[in-house]
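**Q** Just one file: structure.csv, with CSV, C-alpha atoms.
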chain,number,residue,atom,x,y,z
A,1,MET,CA,-4.8,-11.3,27.2
A,2,LYS,CA,-3.1,-13.0,24.2
A,3,ILE,CA,-1.6,-10.4,21.9
A,4,GLY,CA,-0.3,-11.0,18.4
A,5,ILE,CA,2.2,-8.6,16.8
A,6,LEU,CA,2.2,-8.9,13.0
A,7,SER,CA,5.8,-8.0,12.1
A,8,ARG,CA,8.2,-9.4,9.5
A,9,ASN,CA,11.2,-8.7,11.8
A,10,ARG,CA,11.1,-9.4,15.5
A,11,SER,CA,14.4,-7.5,16.0
A,12,LEU,CA,13.0,-4.2,15.0
A,13,TYR,CA,12.9,-1.6,17.8
A,14,SER,CA,9.1,-1.1,17.6
A,15,THR,CA,8.3,-4.8,17.5
A,16,ARG,CA,10.6,-5.5,20.5
A,17,ARG,CA,9.2,-2.6,22.5
A,18,LEU,CA,5.6,-3.6,22.0
A,19,ALA,CA,6.4,-7.2,23.0
A,20,GLN,CA,8.3,-6.1,26.1
A,21,ALA,CA,5.5,-3.7,27.1
A,22,GLY,CA,2.9,-6.4,26.6
A,23,ARG,CA,4.8,-9.0,28.7
A,24,ALA,CA,5.6,-6.4,31.4
A,25,GLN,CA,1.8,-6.0,31.8
A,26,GLY,CA,1.4,-9.7,32.2
A,27,HIS,CA,0.1,-10.6,28.7
A,28,HIS,CA,1.1,-13.5,26.5
A,29,VAL,CA,2.7,-11.9,23.4
A,30,HIS,CA,3.3,-13.7,20.1
A,31,ILE,CA,5.4,-12.1,17.3
A,32,ILE,CA,4.0,-13.4,14.0
A,33,ASP,CA,5.7,-12.9,10.7
A,34,THR,CA,2.8,-11.7,8.5
A,35,MET,CA,4.0,-13.6,5.4
A,36,THR,CA,3.9,-16.9,7.3
A,37,VAL,CA,0.2,-16.6,8.0
A,38,ALA,CA,-2.0,-18.8,5.7
A,39,VAL,CA,-5.7,-18.1,5.7
A,40,GLU,CA,-7.7,-21.2,5.2
A,41,MET,CA,-11.5,-20.9,4.9
A,42,GLY,CA,-14.3,-23.4,5.0
A,43,LEU,CA,-12.2,-26.0,6.9
A,44,ALA,CA,-13.2,-25.4,10.5
A,45,PRO,CA,-16.6,-25.7,12.2
A,46,ASN,CA,-16.9,-21.9,12.4
A,47,GLY,CA,-16.1,-21.6,8.7
A,48,ASN,CA,-12.5,-20.4,8.8
A,49,HIS,CA,-9.3,-20.5,10.7
A,50,ILE,CA,-5.8,-19.1,10.5
A,51,LYS,CA,-2.6,-21.0,10.5
A,52,VAL,CA,1.0,-19.9,10.6
A,53,VAL,CA,3.7,-21.5,8.4
A,54,MET,CA,6.9,-21.7,10.5
A,55,PRO,CA,10.1,-23.7,10.5
A,56,HIS,CA,10.9,-26.2,13.2
A,57,ALA,CA,7.2,-27.0,13.7
A,58,HIS,CA,5.3,-30.2,12.8
A,59,ALA,CA,6.2,-31.1,9.2
A,60,PHE,CA,3.9,-32.7,6.7
A,61,ARG,CA,4.5,-33.6,3.0
A,62,TRP,CA,2.6,-32.3,0.1
A,63,GLY,CA,3.9,-33.8,-3.1
A,64,THR,CA,7.6,-33.4,-3.0
A,65,ILE,CA,7.7,-30.2,-0.9
A,66,ALA,CA,8.1,-30.3,2.9
A,67,HIS,CA,5.9,-27.8,4.7
A,68,HIS,CA,6.3,-26.8,8.3
A,69,VAL,CA,3.1,-25.6,9.9
A,70,LYS,CA,1.5,-24.9,13.2
A,71,TYR,CA,-1.8,-23.3,14.0
A,72,VAL,CA,-1.9,-19.9,15.6
A,73,LYS,CA,-3.0,-20.0,19.2
A,74,PRO,CA,-6.2,-17.9,19.5
A,75,VAL,CA,-5.3,-14.3,20.3
A,76,ASP,CA,-7.5,-11.6,21.8
A,77,ALA,CA,-5.9,-8.7,19.9
A,78,ILE,CA,-3.4,-7.9,17.2
A,79,ILE,CA,-1.0,-5.0,16.6
A,80,PRO,CA,-0.4,-4.9,12.8
A,81,ARG,CA,3.1,-3.6,11.7
A,82,ILE,CA,2.5,-4.1,8.0
A,83,GLY,CA,5.3,-2.9,5.7
A,84,THR,CA,4.4,-1.2,2.5
A,85,SER,CA,5.9,-3.9,0.4
A,86,ILE,CA,3.4,-6.5,1.7
A,87,THR,CA,0.4,-4.2,2.1
A,88,GLU,CA,-2.0,-6.3,0.0
A,89,TYR,CA,-1.4,-9.6,1.7
A,90,GLY,CA,-1.0,-7.9,5.1
A,91,LEU,CA,-4.5,-6.4,4.7
A,92,ALA,CA,-6.0,-9.8,3.8
A,93,VAL,CA,-4.5,-11.2,7.0
A,94,VAL,CA,-5.7,-8.4,9.2
A,95,ARG,CA,-9.1,-8.6,7.6
A,96,GLN,CA,-9.3,-12.3,8.5
A,97,PHE,CA,-8.4,-11.6,12.1
A,98,GLU,CA,-11.2,-9.0,12.2
A,99,GLN,CA,-13.7,-11.4,10.8
A,100,GLN,CA,-12.9,-13.7,13.7
A,101,GLN,CA,-13.7,-10.8,16.2
A,102,VAL,CA,-10.1,-10.2,17.1
A,103,LEU,CA,-9.3,-6.6,18.3
A,104,THR,CA,-6.8,-4.6,16.3
A,105,THR,CA,-5.1,-1.3,16.7
A,106,ALA,CA,-5.4,-0.7,13.0
A,107,PRO,CA,-8.3,-2.3,11.0
A,108,ALA,CA,-7.6,-3.3,7.4
A,109,ALA,CA,-9.7,-0.6,5.9
A,110,ALA,CA,-8.0,2.0,8.1
A,111,ILE,CA,-4.5,0.8,7.0
A,112,ALA,CA,-5.6,0.9,3.3
A,113,GLN,CA,-7.0,4.5,3.6
A,114,SER,CA,-3.9,5.8,5.3
A,115,ARG,CA,-1.5,4.2,2.8
A,116,ASP,CA,-3.3,5.9,-0.1
A,117,LYS,CA,-2.4,9.5,0.1
A,118,LEU,CA,-5.1,10.6,-2.3
A,119,ARG,CA,-7.8,8.8,-0.3
A,120,SER,CA,-6.4,10.1,2.9
A,121,MET,CA,-6.6,13.7,1.7
A,122,GLN,CA,-10.2,13.1,0.6
A,123,LEU,CA,-11.1,11.8,4.0
A,124,LEU,CA,-9.5,14.8,5.8
A,125,VAL,CA,-11.4,17.2,3.5
A,126,GLN,CA,-14.6,15.3,4.0
A,127,HIS,CA,-14.2,15.8,7.8
A,128,LYS,CA,-13.4,19.5,7.2
A,129,LEU,CA,-9.9,19.2,8.4
A,130,PRO,CA,-7.2,21.6,7.2
A,131,ILE,CA,-4.6,20.3,4.6
A,132,PRO,CA,-2.2,22.0,2.2
A,133,LYS,CA,-3.9,22.8,-1.1
A,134,THR,CA,-3.8,19.6,-3.1
A,135,ALA,CA,-4.5,18.5,-6.7
A,136,VAL,CA,-4.3,15.2,-8.6
A,137,ILE,CA,-4.3,14.9,-12.4
A,138,ALA,CA,-4.4,12.1,-15.0
A,139,GLN,CA,-3.3,14.0,-18.1
A,140,PRO,CA,-0.1,16.1,-18.6
A,141,ALA,CA,-2.2,18.8,-20.2
A,142,ALA,CA,-3.8,19.5,-16.8
A,143,LEU,CA,-0.5,20.2,-15.1
A,144,TYR,CA,-0.3,24.0,-15.4
A,145,SER,CA,-3.8,24.4,-14.1
A,146,ALA,CA,-3.1,22.0,-11.2
A,147,VAL,CA,0.1,23.8,-10.2
A,148,GLN,CA,-1.7,27.2,-10.3
A,149,SER,CA,-4.6,25.8,-8.2
A,150,VAL,CA,-2.2,25.0,-5.3
A,151,GLY,CA,-0.5,28.4,-5.4
A,152,GLY,CA,2.0,28.1,-8.2
A,153,PRO,CA,5.6,26.8,-8.0
A,154,PRO,CA,7.4,25.7,-6.0
A,155,VAL,CA,5.2,22.7,-5.4
A,156,ILE,CA,5.5,19.3,-3.6
A,157,ILE,CA,4.9,16.2,-5.8
A,158,LYS,CA,4.1,13.1,-3.7
A,159,LEU,CA,3.7,9.5,-4.9
A,160,ILE,CA,0.3,8.3,-3.7
A,161,GLN,CA,2.0,5.3,-2.2
A,162,GLY,CA,5.1,6.1,-0.3
A,163,THR,CA,6.6,6.4,3.3
A,164,GLN,CA,9.5,7.9,5.2
A,165,GLY,CA,9.8,10.8,2.8
A,166,LYS,CA,10.4,8.5,-0.2
A,167,GLY,CA,8.7,9.6,-3.4
A,168,VAL,CA,8.4,13.2,-2.2
A,169,ILE,CA,9.9,15.8,-4.5
A,170,LEU,CA,10.2,19.6,-4.4
A,171,ALA,CA,9.6,21.0,-7.9
A,172,ARG,CA,10.8,24.6,-7.9
A,173,ASN,CA,9.4,25.5,-11.3
A,174,LEU,CA,6.9,24.4,-13.8
A,175,ALA,CA,9.5,22.7,-16.1
A,176,THR,CA,10.7,20.5,-13.2
A,177,ALA,CA,7.2,19.7,-12.2
A,178,ALA,CA,6.4,18.6,-15.8
A,179,ALA,CA,9.6,16.4,-16.0
A,180,VAL,CA,8.8,14.8,-12.7
A,181,MET,CA,5.2,14.1,-13.6
A,182,ASN,CA,6.1,12.7,-17.0
A,183,LYS,CA,8.5,10.3,-15.3
A,184,ILE,CA,5.9,9.2,-12.8
A,185,GLN,CA,3.3,8.7,-15.4
A,186,ARG,CA,5.7,6.7,-17.6
A,187,ALA,CA,6.1,4.4,-14.6
A,188,LYS,CA,2.3,4.1,-14.5
A,189,ARG,CA,2.1,5.6,-11.0
A,190,GLN,CA,0.1,8.5,-9.6
A,191,ALA,CA,1.1,11.5,-7.6
A,192,LEU,CA,-0.4,14.4,-5.7
A,193,ILE,CA,0.6,18.0,-6.5
A,194,GLN,CA,0.6,19.9,-3.2
A,195,GLU,CA,1.2,23.4,-2.0
A,196,PHE,CA,4.7,24.1,-0.6
A,197,ILE,CA,4.5,25.6,2.9
A,198,SER,CA,7.6,27.8,2.6
A,199,GLU,CA,7.2,29.4,6.1
A,200,SER,CA,7.6,26.0,7.8
A,201,ALA,CA,11.3,26.0,6.8
A,202,GLY,CA,11.8,22.3,6.9
A,203,ILE,CA,9.9,21.8,10.2
A,204,ASP,CA,7.0,19.5,10.9
A,205,TRP,CA,5.4,17.9,13.9
A,206,ARG,CA,4.8,14.2,14.6
A,207,LEU,CA,2.1,13.3,17.1
A,208,ILE,CA,1.4,9.8,18.3
A,209,ILE,CA,-2.3,9.2,18.9
A,210,VAL,CA,-3.5,6.3,21.0
A,211,GLY,CA,-7.3,6.0,21.3
A,212,ASP,CA,-8.4,9.6,21.8
A,213,LYS,CA,-5.2,10.9,23.4
A,214,CYS,CA,-1.9,12.3,22.2
A,215,VAL,CA,0.7,10.3,24.1
A,216,ALA,CA,3.9,11.8,22.6
A,217,ALA,CA,4.9,14.6,20.2
A,218,MET,CA,8.1,15.9,18.6
A,219,GLU,CA,9.2,18.7,16.3
A,220,ARG,CA,11.3,17.5,13.4
A,221,GLN,CA,13.8,19.7,11.5
A,222,ALA,CA,15.3,18.8,8.1
A,223,ALA,CA,18.9,17.7,8.1
A,224,LYS,CA,20.3,20.7,6.1
A,225,LYS,CA,19.4,24.0,4.6
A,226,GLY,CA,17.4,23.5,1.4
A,227,GLU,CA,16.1,20.1,2.4
A,228,PHE,CA,12.4,20.2,3.0
A,229,ARG,CA,11.8,16.7,4.3
A,230,SER,CA,12.3,16.4,8.0
A,231,ASN,CA,12.0,12.6,8.4
A,232,LEU,CA,14.5,11.1,10.9
A,233,HIS,CA,15.3,8.3,8.4
A,234,LEU,CA,16.7,11.0,6.1
A,235,GLY,CA,18.9,12.5,8.8
A,236,GLY,CA,16.5,15.0,10.3
A,237,THR,CA,16.7,16.0,13.9
A,238,ALA,CA,14.0,16.3,16.5
A,239,VAL,CA,13.1,17.8,19.9
A,240,PRO,CA,10.2,17.1,22.3
A,241,LEU,CA,7.0,19.1,21.5
A,242,LYS,CA,4.2,20.3,23.7
A,243,PRO,CA,1.3,20.7,21.2
A,244,ASP,CA,-1.5,23.0,22.0
A,245,SER,CA,-5.1,21.7,22.4
A,246,GLU,CA,-6.0,22.8,18.8
A,247,THR,CA,-3.2,20.7,17.3
A,248,ILE,CA,-4.0,17.7,19.6
A,249,ASN,CA,-7.7,17.8,18.6
A,250,LEU,CA,-6.7,18.1,15.0
A,251,ALA,CA,-4.5,15.0,15.2
A,252,VAL,CA,-7.1,12.9,17.2
A,253,THR,CA,-9.8,13.8,14.7
A,254,ALA,CA,-7.6,12.9,11.7
A,255,ALA,CA,-6.8,9.5,13.2
A,256,LYS,CA,-10.5,8.8,13.9
A,257,ALA,CA,-11.4,9.9,10.4
A,258,HIS,CA,-9.2,7.1,9.1
A,259,GLY,CA,-10.6,4.6,11.6
A,260,LEU,CA,-7.2,4.2,13.3
A,261,HIS,CA,-6.8,3.6,17.1
A,262,VAL,CA,-3.1,4.1,17.0
A,263,ALA,CA,-1.6,6.5,14.5
A,264,GLY,CA,1.4,8.8,13.8
A,265,VAL,CA,0.0,12.1,12.6
A,266,ASP,CA,2.3,14.5,10.7
A,267,ILE,CA,1.4,18.2,10.8
A,268,VAL,CA,3.1,21.3,9.3
A,269,PRO,CA,2.8,24.7,10.9
A,270,SER,CA,1.7,27.5,8.5
A,271,GLN,CA,0.5,31.0,8.6
A,272,ARG,CA,-3.1,29.6,8.3
A,273,GLY,CA,-2.5,27.4,11.4
A,274,PRO,CA,-1.5,23.7,11.6
A,275,LEU,CA,-2.1,21.7,8.4
A,276,LEU,CA,-2.3,17.9,8.2
A,277,LEU,CA,0.3,16.2,6.0
A,278,GLU,CA,0.0,12.5,6.5
A,279,ILE,CA,-1.4,9.8,8.7
A,280,ASN,CA,0.7,6.7,9.5
A,281,SER,CA,-1.0,3.4,10.6
A,282,SER,CA,2.1,1.9,12.0
A,283,PRO,CA,4.4,4.7,13.2
A,284,GLY,CA,7.9,3.9,14.2
A,285,LEU,CA,8.5,4.1,18.0
A,286,GLU,CA,12.3,4.4,18.2
A,287,GLY,CA,12.9,8.0,17.2
A,288,ILE,CA,10.0,9.5,19.2
A,289,GLU,CA,10.4,7.4,22.3
A,290,LYS,CA,14.1,8.3,22.5
A,291,VAL,CA,13.4,12.0,21.8
A,292,THR,CA,10.5,12.4,24.2
A,293,GLY,CA,11.3,9.7,26.8
A,294,LYS,CA,7.7,8.6,26.6
A,295,ASP,CA,6.7,4.9,26.9
A,296,ILE,CA,4.4,4.8,23.9
A,297,ALA,CA,4.5,1.0,23.7
A,298,THR,CA,2.8,0.7,27.1
A,299,HIS,CA,0.2,3.2,26.2
A,300,ILE,CA,-0.7,1.0,23.2
A,301,ILE,CA,-1.0,-2.1,25.4
A,302,HIS,CA,-3.2,-0.1,27.9
A,303,TYR,CA,-5.5,0.8,24.9
A,304,LEU,CA,-5.9,-2.8,24.0
A,305,GLU,CA,-6.7,-3.7,27.6
A,306,SER,CA,-9.4,-1.1,27.7
A,307,ALA,CA,-10.8,-2.2,24.4
A,308,ASN,CA,-10.8,-5.8,25.5
A,309,GLN,CA,-12.6,-4.9,28.7
A,310,GLU,CA,-15.3,-3.0,26.7
A,311,LYS,CA,-15.7,-5.9,24.3
A,312,ASN,CA,-16.2,-8.3,27.3
A,313,ARG,CA,-18.8,-5.9,28.9
A,314,SER,CA,-20.7,-5.7,25.6
A,315,ARG,CA,-20.8,-9.5,25.4
A,316,ARG,CA,-22.2,-9.8,28.9
A,317,ASN,CA,-24.9,-7.3,28.2
A,318,GLN,CA,-26.1,-9.0,25.0
Translate this file's structure into structure tokens.

**A**
Amino acid sequence: MKIGILSRNRSLYSTRRLAQAGRAQGHHVHIIDTMTVAVEMGLAPNGNHIKVVMPHAHAFRWGTIAHHVKYVKPVDAIIPRIGTSITEYGLAVVRQFEQQQVLTTAPAAAIAQSRDKLRSMQLLVQHKLPIPKTAVIAQPAALYSAVQSVGGPPVIIKLIQGTQGKGVILARNLATAAAVMNKIQRAKRQALIQEFISESAGIDWRLIIVGDKCVAAMERQAAKKGEFRSNLHLGGTAVPLKPDSETINLAVTAAKAHGLHVAGVDIVPSQRGPLLLEINSSPGLEGIEKVTGKDIATHIIHYLESANQEKNRSRRNQ
């Protein structure tokens, strides 16, 4: 198989591990900087093609600017590692690969849904999956009612777009919630108001789902007392976790609800049982591989192998 990894930084741990795992299984792996991909439509016999702008390739001149381009070798599958800062363009690139019948671990629509926390919560509720009580408002006058609807202060306020614990604030009283929401609205952004699960005490679970299996899981603990975010990027610690079947089924169903074939699913334990916090379309591998000792990258490659075999069988049967 020819596999393309869409990543802006080939030195990142996750990118390197996926490339190593793919090559170890005998595949041709290309690391492609997403922002060098130029989508040109209506130029090829099949109506479109993709080219990659890269230095040190064949140069041609357009006006007074030298451009360096080469065409992407056809790939059978892509693994998108799309950063939040380039979401819009990254989605366009993934969408174009999909139109050309290239397999992907994360379809463009699935990435978009997981990046939008409001849409993600709506999907989970639509599939009758448990989440913390959540509200979203457009007017400050609705704040009091929204806070009360999720159980009253303290509440979690989350930017609808945000990752790695950034844009997540604990408002311990109504005045703080009002100040935070006013600041967010002045910045013309949106946020969720969410129930604070006090009994979790800064603990949550990260499960990595590949296909319909949980291939690794860890329990994360916030770095210090009073910190409610357990992200490793914020200094949190982690230990391996053996989730029960209920938690695994919850995570698998959540990933499928978003259309993701590979996902990081964050869950918080509560007195009501496990509650879904967030679905990540390109979960980092470094922390969880080192904590659990699991070879997640190879599991992802095996998933693509199986998907490619199924695709080829379907073609033969047509």

**Q** Could I get the residues of region 256-286 of chain A with an atom no further than 12 Å from an atom of region 8-14 of chain A, each paired with its nearest atom pair and that distance in Å to one decimal, using all atoms listed in the file, sorted by chain and residue number, as a Markdown table?

**A**
| residue | atom | partner | partner_atom | distance |
| --- | --- | --- | --- | --- |
| A:Ser282 | CA | A:Ser14 | CA | 9.5 |
| A:Pro283 | CA | A:Ser14 | CA | 8.7 |
| A:Gly284 | CA | A:Ser14 | CA | 6.2 |
| A:Leu285 | CA | A:Ser14 | CA | 5.2 |
| A:Glu286 | CA | A:Tyr13 | CA | 6.0 |

**Q** Would you give me, as a Markdown table, each residue of region 95-137 of chain A having an atom within 12 Å of an atom of region 197-200 of chain A, along with its shortest atom pair and that distance in Å to one decimal, using all atoms listed in the file and sorting by chain and residue number?

**A**
| residue | atom | partner | partner_atom | distance |
| --- | --- | --- | --- | --- |
| A:Ile131 | CA | A:Ile197 | CA | 10.7 |
| A:Pro132 | CA | A:Ile197 | CA | 7.6 |
| A:Lys133 | CA | A:Ile197 | CA | 9.7 |
| A:Thr134 | CA | A:Ile197 | CA | 11.9 |

**Q** With region 102-115 of chain A as the partner and 12 Å as the cut-off, tabulate the residues of region 230-305 of chain A that qualify, each row holding the nearest pair of atoms and their distance in Å to one decimal, using only C-alpha atoms, sorted by chain and rising number, as JSON lines.

**A**
{"residue": "A:Ala254", "atom": "CA", "partner": "A:Ser114", "partner_atom": "CA", "distance": 10.2}
{"residue": "A:Ala255", "atom": "CA", "partner": "A:Ala110", "partner_atom": "CA", "distance": 9.1}
{"residue": "A:Lys256", "atom": "CA", "partner": "A:Ala110", "partner_atom": "CA", "distance": 9.3}
{"residue": "A:Ala257", "atom": "CA", "partner": "A:Ala110", "partner_atom": "CA", "distance": 8.9}
{"residue": "A:His258", "atom": "CA", "partner": "A:Ala110", "partner_atom": "CA", "distance": 5.3}
{"residue": "A:Gly259", "atom": "CA", "partner": "A:Ala110", "partner_atom": "CA", "distance": 5.1}
{"residue": "A:Leu260", "atom": "CA", "partner": "A:Ala106", "partner_atom": "CA", "distance": 5.2}
{"residue": "A:His261", "atom": "CA", "partner": "A:Thr105", "partner_atom": "CA", "distance": 5.2}
{"residue": "A:Val262", "atom": "CA", "partner": "A:Thr105", "partner_atom": "CA", "distance": 5.8}
{"residue": "A:Ala263", "atom": "CA", "partner": "A:Ala106", "partner_atom": "CA", "distance": 8.3}
{"residue": "A:Gly264", "atom": "CA", "partner": "A:Ser114", "partner_atom": "CA", "distance": 10.5}
{"residue": "A:Val265", "atom": "CA", "partner": "A:Ser114", "partner_atom": "CA", "distance": 10.4}
{"residue": "A:Asp266", "atom": "CA", "partner": "A:Ser114", "partner_atom": "CA", "distance": 12.0}
{"residue": "A:Leu277", "atom": "CA", "partner": "A:Ser114", "partner_atom": "CA", "distance": 11.2}
{"residue": "A:Glu278", "atom": "CA", "partner": "A:Ser114", "partner_atom": "CA", "distance": 7.8}
{"residue": "A:Ile279", "atom": "CA", "partner": "A:Ser114", "partner_atom": "CA", "distance": 5.8}
{"residue": "A:Asn280", "atom": "CA", "partner": "A:Ser114", "partner_atom": "CA", "distance": 6.3}
{"residue": "A:Ser281", "atom": "CA", "partner": "A:Ile111", "partner_atom": "CA", "distance": 5.7}
{"residue": "A:Ser282", "atom": "CA", "partner": "A:Ala106", "partner_atom": "CA", "distance": 8.0}
{"residue": "A:Pro283", "atom": "CA", "partner": "A:Ala106", "partner_atom": "CA", "distance": 11.2}
{"residue": "A:His299", "atom": "CA", "partner": "A:Thr105", "partner_atom": "CA", "distance": 11.8}
{"residue": "A:Ile300", "atom": "CA", "partner": "A:Thr105", "partner_atom": "CA", "distance": 8.2}
{"residue": "A:Ile301", "atom": "CA", "partner": "A:Thr105", "partner_atom": "CA", "distance": 9.7}
{"residue": "A:His302", "atom": "CA", "partner": "A:Thr105", "partner_atom": "CA", "distance": 11.4}
{"residue": "A:Tyr303", "atom": "CA", "partner": "A:Thr105", "partner_atom": "CA", "distance": 8.5}
{"residue": "A:Leu304", "atom": "CA", "partner": "A:Thr105", "partner_atom": "CA", "distance": 7.5}
{"residue": "A:Glu305", "atom": "CA", "partner": "A:Leu103", "partner_atom": "CA", "distance": 10.1}

**Q** Identify which of the residues A:Ile86, A:Ile248, A:Ile156, A:Ala135 lies closest to Ser7 (chain A), counting all atoms listed in the file when measuring atom-to-atom distances.

**A**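 Of A:Ile86, A:Ile248, A:Ile156, A:Ala135, the one nearest Ser7 (chain A) is A:Ile86, counting all atoms listed in the file.
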
**Q** Which one is closest to Val75 (chain A): A:Asn308, A:Ser314, A:Thr176, A:Ser145? Count only C-alpha atoms.

**A**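 For Val75 (chain A), the nearest of the given residues is A:Asn308.
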
**Q** Could you tell me how far CA of Ala307 (chain A) sits from CA of Ile31 (chain A), in Å to one decimal place?

**A**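 For CA of Ile31 (chain A) relative to CA of Ala307 (chain A), the distance reads 20.3 Å.
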
**Q** Between A:Ile79, A:Leu129, A:Ile32, A:Val268, single out the one closest to Arg206 (chain A), counting all atoms listed in the file.

**A**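 The closest residue to Arg206 (chain A) is A:Val268.
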
**Q** Please report the interatomic distance between CA of Gln185 (chain A) and CA of Met121 (chain A) in Å with one decimal.

**A**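 Taking CA of Gln185 (chain A) as the start and CA of Met121 (chain A) as the end point, the length is 20.4 Å.
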
**Q** Choose the residue, out of A:Ser306, A:Asn182, A:Ser245, A:Thr36, that has the smallest atom-to-atom separation from Tyr89 (chain A); count only C-alpha atoms.

**A**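 Of A:Ser306, A:Asn182, A:Ser245, A:Thr36, the one nearest Tyr89 (chain A) is A:Thr36, counting only C-alpha atoms.
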
**Q** Measure the distance from CA of Arg81 (chain A) to CA of Arg95 (chain A) in Å and round it to one decimal.

**A**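 Spanning CA of Arg81 (chain A) to CA of Arg95 (chain A) is a straight-line distance of 13.8 Å.
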
**Q** Can you tell me, as a VMD selection string, what residues are no more than 9 Å from Leu143 (chain A) when counting all atoms listed in the file, ignoring any on the same chain fewer than 6 positions away?

**A** chain A and resid 137 174 177 to 178 181 193

**Q** Only C-alpha atoms, please: the residues just picked out, written as a PDB file, keeping the file's coordinate frame.

**A**
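Here's the written file again-v6.pdb:
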ATOM      1  CA  ILE A 137      -4.300  14.900 -12.400  1.00  0.00           C
ATOM      2  CA  LEU A 174       6.900  24.400 -13.800  1.00  0.00           C
ATOM      3  CA  ALA A 177       7.200  19.700 -12.200  1.00  0.00           C
ATOM      4  CA  ALA A 178       6.400  18.600 -15.800  1.00  0.00           C
ATOM      5  CA  MET A 181       5.200  14.100 -13.600  1.00  0.00           C
ATOM      6  CA  ILE A 193       0.600  18.000  -6.500  1.00  0.00           C
TER       7      ILE A 193
END

**Q** Check the smallest atom-to-atom distance from each of A:Arg272, A:Lys128, A:Lys2, A:Lys183 to Arg23 (chain A) using only C-alpha atoms, then report the winner.

**A** A:Lys2

**Q** Here's a test: counting only C-alpha atoms, identify every protein, DNA and RNA residue with an atom at most 8 Å from (7.5, 20.2, 8.8) in the file's coordinate frame, and state them as a list in words.

**A** Ser200, Ala201, Gly202, Ile203, Asp204, Trp205, Glu219, Arg220, Gln221, Ala222, Phe228, Arg229, Ser230, Asp266, Ile267, Val268 and Pro269 of chain A

**Q** Residues near Gln161 (chain A), anyone? I mean within 12 Å using only C-alpha atoms, not counting same-chain ones fewer than 3 positions away, as a tab-separated table (two decimals) with C-alpha atoms, in the frame of the given file.

**A**
chain	number	residue	atom	x	y	z
A	83	GLY	CA	5.30	-2.90	5.70
A	84	THR	CA	4.40	-1.20	2.50
A	85	SER	CA	5.90	-3.90	0.40
A	87	THR	CA	0.40	-4.20	2.10
A	112	ALA	CA	-5.60	0.90	3.30
A	113	GLN	CA	-7.00	4.50	3.60
A	114	SER	CA	-3.90	5.80	5.30
A	115	ARG	CA	-1.50	4.20	2.80
A	116	ASP	CA	-3.30	5.90	-0.10
A	117	LYS	CA	-2.40	9.50	0.10
A	118	LEU	CA	-5.10	10.60	-2.30
A	119	ARG	CA	-7.80	8.80	-0.30
A	120	SER	CA	-6.40	10.10	2.90
A	157	ILE	CA	4.90	16.20	-5.80
A	158	LYS	CA	4.10	13.10	-3.70
A	164	GLN	CA	9.50	7.90	5.20
A	165	GLY	CA	9.80	10.80	2.80
A	166	LYS	CA	10.40	8.50	-0.20
A	167	GLY	CA	8.70	9.60	-3.40
A	168	VAL	CA	8.40	13.20	-2.20
A	184	ILE	CA	5.90	9.20	-12.80
A	189	ARG	CA	2.10	5.60	-11.00
A	190	GLN	CA	0.10	8.50	-9.60
A	191	ALA	CA	1.10	11.50	-7.60
A	192	LEU	CA	-0.40	14.40	-5.70
A	278	GLU	CA	0.00	12.50	6.50
A	280	ASN	CA	0.70	6.70	9.50
